[in-house]
file query_39.cif (mmCIF, C-alpha atoms)
data_entry
#
loop_
_atom_site.label_atom_id
_atom_site.label_comp_id
_atom_site.auth_asym_id
_atom_site.auth_seq_id
_atom_site.Cartn_x
_atom_site.Cartn_y
_atom_site.Cartn_z
CA PRO A 1 102.38 41.33 127.92
CA PHE A 2 100.32 42.09 124.81
CA ALA A 3 103.35 43.55 122.98
CA PHE A 4 105.36 40.40 123.74
CA VAL A 5 102.50 38.18 122.52
CA ILE A 6 102.16 40.20 119.30
CA THR A 7 105.89 39.91 118.66
CA CYS A 8 105.83 36.14 119.22
CA SER A 9 102.76 35.79 116.98
CA LEU A 10 104.47 37.69 114.19
CA LEU A 11 107.53 35.49 114.57
CA VAL A 12 105.28 32.47 114.00
CA LEU A 13 103.73 34.29 111.05
CA THR A 14 107.20 34.98 109.67
CA LEU A 15 107.96 31.27 109.86
CA ALA A 16 104.72 30.49 108.01
CA VAL A 17 105.58 32.95 105.23
CA SER A 18 109.06 31.44 104.98
CA ILE A 19 107.50 28.02 104.44
CA LEU A 20 105.19 29.45 101.75
CA THR A 21 108.20 30.99 100.04
CA ALA A 22 110.14 27.74 100.23
CA TYR A 23 107.31 25.99 98.37
CA ASP A 24 107.11 28.89 95.88
CA ILE A 25 103.55 29.94 96.83
CA ARG A 26 103.35 33.63 95.92
CA GLY A 27 101.00 36.48 95.04
CA LEU A 28 97.39 36.55 96.17
CA ASP A 29 97.41 32.85 97.09
CA ALA A 30 100.25 33.48 99.52
CA THR A 31 98.39 36.47 100.96
CA LEU A 32 95.28 34.33 101.53
CA CYS A 33 97.26 31.55 103.21
CA THR A 34 99.10 34.07 105.35
CA GLY A 35 95.79 35.66 106.36
CA LEU A 36 94.51 32.28 107.55
CA ALA A 37 97.74 31.83 109.51
CA VAL A 38 97.17 35.23 111.11
CA LEU A 39 93.68 34.17 112.19
CA LEU A 40 95.18 31.20 114.03
CA VAL A 41 98.41 32.51 115.55
CA MET A 42 97.09 35.96 116.53
CA TYR A 43 94.33 34.62 118.78
CA CYS A 44 96.52 35.14 121.84
CA ALA A 45 97.33 38.67 120.68
CA ALA A 46 93.61 39.50 120.37
CA SER A 47 92.95 38.05 123.81
CA GLU A 48 95.80 40.06 125.34
CA CYS A 49 94.62 43.26 123.63
CA ARG A 50 91.13 42.79 125.09
CA SER A 51 92.72 42.21 128.49
CA TYR A 52 94.81 45.37 128.07
CA PHE A 53 91.80 47.56 127.34
CA ARG A 54 89.91 45.83 130.15
CA SER A 55 92.64 46.88 132.58
CA LEU A 56 92.44 50.45 131.24
CA GLU A 57 88.68 50.41 131.82
CA ILE A 58 89.18 49.26 135.42
CA PHE A 59 91.81 51.95 135.89
CA GLY A 60 89.44 54.58 134.52
CA GLN A 61 86.67 53.47 136.87
CA GLN A 62 89.02 53.55 139.84
CA MET A 63 90.24 57.05 138.97
CA THR A 64 86.70 58.32 138.38
CA ASN A 65 85.58 57.06 141.79
CA LEU A 66 88.77 58.02 143.61
CA GLN A 67 88.17 59.00 147.24
CA LEU A 68 91.20 59.02 149.50
CA ASP A 69 89.14 58.73 152.68
CA LYS A 70 87.83 55.35 151.46
CA THR A 71 91.21 53.85 150.60
CA ALA A 72 92.42 50.88 152.62
CA CYS A 73 94.93 51.62 155.35
CA TRP A 74 96.70 48.93 157.41
CA CYS A 75 97.09 51.04 160.53
CA CYS A 76 93.35 51.76 160.64
CA SER A 77 92.53 48.09 160.05
CA VAL A 78 94.38 47.15 163.25
CA ASN A 79 92.91 50.12 165.17
CA HIS A 80 96.37 51.71 165.40
CA LYS A 81 97.61 49.00 167.76
CA THR A 82 100.21 46.30 167.16
CA SER A 83 99.89 42.78 168.54
CA SER A 84 102.06 43.88 171.47
CA GLY A 85 99.80 46.84 172.23
CA ALA A 86 102.12 49.56 170.90
CA THR A 87 100.50 52.58 169.25
CA VAL A 88 100.87 52.89 165.47
CA PRO A 89 100.79 56.37 163.87
CA CYS A 90 97.99 56.86 161.34
CA ASP A 91 99.36 56.82 157.81
CA ARG A 92 96.14 58.35 156.49
CA GLU A 93 96.60 61.45 158.64
CA VAL A 94 100.25 61.82 157.59
CA VAL A 95 99.39 61.46 153.90
CA SER A 96 96.44 63.85 154.23
CA GLU A 97 98.63 66.52 155.81
CA CYS A 98 101.15 66.17 152.96
CA LEU A 99 98.39 66.47 150.36
CA ARG A 100 97.02 69.61 152.02
CA ALA A 101 100.50 71.11 151.92
CA TRP A 102 100.94 70.23 148.23
CA PHE A 103 97.45 70.81 146.82
CA GLY A 104 95.70 72.99 149.40
CA SER A 105 93.13 70.33 150.30
CA VAL A 106 92.49 66.62 149.93
CA GLU A 107 89.50 67.35 147.66
CA GLU A 108 91.68 69.39 145.29
CA CYS A 109 94.18 66.53 145.16
CA GLU A 110 91.40 64.10 144.21
CA VAL A 111 90.25 66.37 141.37
CA THR A 112 93.82 66.72 140.07
CA LEU A 113 94.50 62.98 140.21
CA LYS A 114 91.25 62.17 138.39
CA ALA A 115 92.16 64.55 135.57
CA LEU A 116 95.74 63.29 135.34
CA GLY A 117 94.71 59.66 135.49
CA ALA A 118 92.27 59.86 132.60
CA ASP A 119 93.77 62.47 130.29
CA GLY A 120 97.44 62.36 131.27
CA LEU A 121 97.76 58.67 130.47
CA THR A 122 96.10 59.25 127.10
CA ASP A 123 98.61 62.02 126.32
CA GLN A 124 101.46 59.62 127.05
CA LEU A 125 100.12 56.60 125.17
CA GLY A 126 98.66 58.40 122.15
CA ARG A 127 95.21 58.62 120.64
CA LEU A 128 94.92 54.85 120.20
CA LEU A 129 96.16 54.30 123.78
CA ILE A 130 99.22 52.44 122.51
CA PRO A 131 102.49 54.20 121.55
CA PHE A 132 103.34 54.14 117.85
CA GLN A 133 106.99 53.40 118.67
CA LEU A 134 105.93 50.28 120.57
CA ILE A 135 103.93 49.07 117.57
CA LEU A 136 106.92 49.53 115.25
CA SER A 137 109.12 47.61 117.69
CA CYS A 138 106.84 44.62 118.23
CA THR A 139 105.97 44.35 114.51
CA SER A 140 109.60 44.48 113.40
CA PRO A 141 109.57 40.75 112.44
CA ILE A 142 107.66 41.83 109.33
CA LEU A 143 110.59 44.07 108.39
CA TRP A 144 113.09 41.30 109.12
CA LEU A 145 111.16 38.90 106.89
CA CYS A 146 111.04 41.24 103.90
CA VAL A 147 114.70 42.23 104.21
CA ASP A 148 115.68 38.57 104.54
CA MET A 149 113.81 37.76 101.35
CA ALA A 150 115.51 40.68 99.60
CA VAL A 151 118.93 39.37 100.66
CA SER A 152 118.00 35.85 99.50
CA TYR A 153 116.99 37.09 96.07
CA TYR A 154 120.14 39.18 95.83
CA ALA A 155 122.26 36.15 96.72
CA SER A 156 120.58 34.20 93.90
CA ASP A 157 121.41 37.02 91.42
CA SER A 158 117.80 38.19 91.18
CA VAL A 159 118.56 41.85 91.70
CA SER A 160 115.15 43.12 90.53
CA SER A 161 113.30 40.90 93.04
CA ALA A 162 115.73 41.96 95.77
CA LYS A 163 114.98 45.63 95.08
CA HIS A 164 111.25 44.84 95.02
CA TRP A 165 111.26 43.28 98.50
CA LEU A 166 113.57 45.90 99.93
CA ILE A 167 111.19 48.69 98.88
CA ALA A 168 108.09 46.70 99.82
CA SER A 169 109.46 46.08 103.32
CA ILE A 170 108.99 49.77 104.17
CA GLY A 171 105.35 49.76 103.06
CA TYR A 172 104.54 46.57 104.95
CA TRP A 173 106.28 47.72 108.14
CA LEU A 174 105.22 51.38 108.21
CA GLY A 175 101.87 50.98 106.44
CA SER A 176 100.14 47.63 106.32
CA THR A 177 101.14 46.40 109.78
CA PRO A 178 100.39 49.58 111.82
CA THR A 179 97.04 50.09 110.07
CA THR A 180 96.03 46.48 110.68
CA ALA A 181 97.14 46.84 114.30
CA ALA A 182 95.10 50.04 114.69
CA TRP A 183 91.99 48.21 113.48
CA LEU A 184 92.78 45.30 115.83
CA PHE A 185 93.06 47.64 118.82
CA TRP A 186 89.90 49.52 117.89
CA VAL A 187 87.86 46.30 117.66
CA ALA A 188 89.46 44.89 120.81
CA ARG A 189 88.62 48.10 122.66
CA LYS A 190 84.97 47.73 121.66
CA CYS A 191 84.95 44.10 122.84
CA TRP A 192 86.82 44.45 126.12
CA LYS A 193 83.98 43.33 128.41
CA PRO A 194 84.55 39.87 129.92
CA LYS A 195 82.02 37.17 129.11
CA HIS A 196 81.42 33.56 130.05
CA PRO A 197 84.75 31.70 129.44
CA GLY A 198 83.43 29.98 126.31
CA VAL A 199 81.85 33.15 124.94
CA ASP A 200 84.97 35.12 125.84
CA ARG A 201 87.12 32.87 123.67
CA LEU A 202 84.63 33.27 120.85
CA MET A 203 84.84 37.06 121.19
CA SER A 204 88.60 36.93 120.71
CA PHE A 205 88.14 34.88 117.54
CA LEU A 206 85.53 37.38 116.32
CA VAL A 207 88.06 40.18 116.83
CA LEU A 208 90.51 38.29 114.61
CA ALA A 209 87.78 37.60 112.04
CA ALA A 210 87.03 41.33 111.95
CA ILE A 211 90.63 42.29 111.11
CA LEU A 212 91.19 39.55 108.53
CA PRO A 213 89.59 41.50 105.61
CA VAL A 214 91.65 44.57 106.53
CA PHE A 215 94.79 42.45 106.60
CA LEU A 216 94.03 40.90 103.21
CA VAL A 217 93.38 44.29 101.62
CA LEU A 218 96.45 46.03 103.04
CA PHE A 219 98.91 43.19 102.48
CA GLY A 220 97.35 42.15 99.18
CA PHE A 221 97.32 45.65 97.72
CA PRO A 222 100.93 45.54 96.41
CA ALA A 223 100.29 42.14 94.78
CA PHE A 224 97.05 43.41 93.25
CA LEU A 225 98.77 46.49 91.86
CA GLU A 226 101.57 44.34 90.49
CA ASN A 227 99.09 42.07 88.68
CA GLN A 228 97.47 45.01 86.90
CA HIS A 229 100.67 45.73 84.94
CA LEU A 230 99.79 49.43 84.82
CA MET A 231 103.37 50.50 85.45
CA PRO A 232 106.83 48.95 85.56
CA SER A 233 107.43 46.66 88.55
CA TRP A 234 109.62 49.15 90.40
CA ALA A 235 107.00 51.89 89.94
CA ASN A 236 104.22 49.61 91.22
CA VAL A 237 106.05 48.64 94.40
CA THR A 238 107.21 52.21 95.02
CA SER A 239 103.67 53.55 94.59
CA SER A 240 102.14 50.94 96.91
CA THR A 241 104.87 51.53 99.50
CA CYS A 242 104.25 55.29 99.51
CA ILE A 243 100.47 54.85 99.73
CA LEU A 244 100.64 52.28 102.54
CA SER A 245 103.26 54.23 104.52
CA LEU A 246 101.18 57.39 104.28
CA LEU A 247 98.11 55.47 105.41
CA GLY A 248 99.93 53.97 108.39
CA MET A 249 101.46 57.24 109.53
CA THR A 250 98.12 59.03 109.14
CA THR A 251 96.28 56.36 111.10
CA TRP A 252 98.59 56.62 114.09
CA LEU A 253 99.92 60.16 114.03
CA GLY A 254 97.40 62.28 112.17
CA ALA A 255 93.90 60.86 112.28
CA LYS A 256 91.71 61.10 115.34
CA ALA A 257 90.63 57.74 116.66
CA CYS A 258 86.95 56.83 116.89
CA ASP A 259 84.96 59.92 117.69
CA GLY A 260 87.97 62.23 117.45
CA GLN A 261 89.01 62.49 121.09
CA THR A 262 90.03 59.14 122.53
CA THR A 263 90.59 59.13 126.27
CA ILE A 264 90.43 56.57 129.03
CA ARG A 265 86.92 57.78 129.76
CA SER A 266 85.80 57.14 126.17
CA ILE A 267 86.65 53.43 126.31
CA ARG A 268 83.34 52.87 128.03
#

call {"tool": "encode", "arguments": {"input": "query_39.cif", "output": "structure tokens"}}
result
Amino acid sequence: PFAFVITCSLLVLTLAVSILTAYDIRGLDATLCTGLAVLLVMYCAASECRSYFRSLEIFGQQMTNLQLDKTACWCCSVNHKTSSGATVPCDREVVSECLRAWFGSVEECEVTLKALGADGLTDQLGRLLIPFQLILSCTSPILWLCVDMAVSYYASDSVSSAKHWLIASIGYWLGSTPTTAAWLFWVARKCWKPKHPGVDRLMSFLVLAAILPVFLVLFGFPAFLENQHLMPSWANVTSSTCILSLLGMTTWLGAKACDGQTTIRSIR
């Protein structure tokens, strides 16, 4: 659900940026207005991210305390008798016999499942517990927006602006957005614990407030570099795109999250 919410939020953000463009609000002012829009429309995304990490925490606790002999079993709850008095085979005994055949003992199976549950899931989801490919998919509206603006400029015979947005789209999609998302997930992971309903809503807003400066810096960096006039326009946008893309790829694929070894167990 959180990926769907993030995608919908970015679609709303894309609409907001389109309105800013229609009224010719650009540069750092547009970045500030867009950041305020993010704070409003991404509330649901922050709430869903906290819920996601909360479910991972519950899963980790369940796997840590896994004991097959304490699991619920319908046949045992009815004392192995149906309402008509017929005898019901014990599912627990059947499952236990299968586990002994596969693992050697029920205890060995529990140890294996605990290890797979905590570390195996982390290996599948990545160090930030969310696949990088999923992030690129659900943040693709950012890419659509930039490419759409490039096409619009090209249609109005502004080839230089079209090239600018086409190059910038890569930096925003592969750099600014994933890095902002990584910070969002890190903060949401630290604030996963449920609170009183009113306080819980406030915590989600605080998560958004925490990522707003990061958003402004990452998305405002190309505009800042452009305003310095240190290089030609194409060199500025190419440099910022390379820097942001390298930062995004490093954040998700190269750098170690938090203390260097993120697992389900470390969420607590």

call {"tool": "closest_residue", "arguments": {"input": "query_39.cif", "among": "A:Thr14, A:Thr180, A:Thr7, A:Asn65", "to": "Asp148 in chain A", "atoms": "only C-alpha atoms"}}
result
A:Thr14

call {"tool": "closest_residue", "arguments": {"input": "query_39.cif", "among": "A:Thr238, A:Gln133, A:Thr177, A:Pro141", "to": "Cys8 in chain A", "atoms": "only C-alpha atoms"}}
result
A:Pro141

call {"tool": "axis_aligned_box", "arguments": {"input": "query_39.cif", "around": "range 65-68 of chain A", "padding_each_side": "6 Å", "output": "JSON"}}
result
{"center_x": 88.4, "center_y": 58.0, "center_z": 145.6, "size_x": 17.6, "size_y": 14.0, "size_z": 19.7}

call {"tool": "resolve_selection", "arguments": {"input": "query_39.cif", "expression": "the PyMOL selection byres ((chain A and resi 144) around 12)", "output": "short mmCIF file (atom, residue, chain, number, x, y, z; two decimals) with C-alpha atoms, in the coordinates of the input"}}
result
data_model
loop_
_atom_site.label_atom_id
_atom_site.label_comp_id
_atom_site.auth_asym_id
_atom_site.auth_seq_id
_atom_site.Cartn_x
_atom_site.Cartn_y
_atom_site.Cartn_z
CA LEU A 10 104.47 37.69 114.19
CA LEU A 11 107.53 35.49 114.57
CA LEU A 13 103.73 34.29 111.05
CA THR A 14 107.20 34.98 109.67
CA LEU A 15 107.96 31.27 109.86
CA VAL A 17 105.58 32.95 105.23
CA SER A 18 109.06 31.44 104.98
CA LEU A 136 106.92 49.53 115.25
CA SER A 137 109.12 47.61 117.69
CA CYS A 138 106.84 44.62 118.23
CA THR A 139 105.97 44.35 114.51
CA SER A 140 109.60 44.48 113.40
CA PRO A 141 109.57 40.75 112.44
CA ILE A 142 107.66 41.83 109.33
CA LEU A 143 110.59 44.07 108.39
CA LEU A 145 111.16 38.90 106.89
CA CYS A 146 111.04 41.24 103.90
CA VAL A 147 114.70 42.23 104.21
CA ASP A 148 115.68 38.57 104.54
CA MET A 149 113.81 37.76 101.35
CA ALA A 150 115.51 40.68 99.60
CA VAL A 151 118.93 39.37 100.66
CA TRP A 165 111.26 43.28 98.50
CA LEU A 166 113.57 45.90 99.93
CA ALA A 168 108.09 46.70 99.82
CA SER A 169 109.46 46.08 103.32
CA ILE A 170 108.99 49.77 104.17
CA TYR A 172 104.54 46.57 104.95
CA TRP A 173 106.28 47.72 108.14
#

call {"tool": "atom_distance", "arguments": {"input": "query_39.cif", "atom1": "CA of Pro222 in chain A", "atom2": "CA of Ser240 in chain A"}}
result
5.6 Å

call {"tool": "atom_distance", "arguments": {"input": "query_39.cif", "atom1": "CA of Arg50 in chain A", "atom2": "CA of Gln62 in chain A"}}
result
18.4 Å

call {"tool": "atom_distance", "arguments": {"input": "query_39.cif", "atom1": "CA of Thr64 in chain A", "atom2": "CA of Lys114 in chain A"}}
result
6.0 Å

call {"tool": "resolve_selection", "arguments": {"input": "query_39.cif", "expression": "the PyMOL selection byres ((chain A and resi 69) around 12)", "output": "ChimeraX atom specification"}}
result
/A:65-68,70-73,76,91-93,95-96,106-107,109-110

call {"tool": "closest_residue", "arguments": {"input": "query_39.cif", "among": "A:Tyr154, A:Met203, A:Cys75, A:Gly104", "to": "Cys90 in chain A", "atoms": "all atoms listed in the file"}}
result
A:Cys75

call {"tool": "residues_around", "arguments": {"input": "query_39.cif", "residues": "Val187 in chain A", "least_positions_apart": "3", "cutoff": "10 Å", "atoms": "all atoms listed in the file", "output": "MDAnalysis selection string"}}
result
chainID A and resid 46 49:50 181:184 190:192 204 206:208 210:211
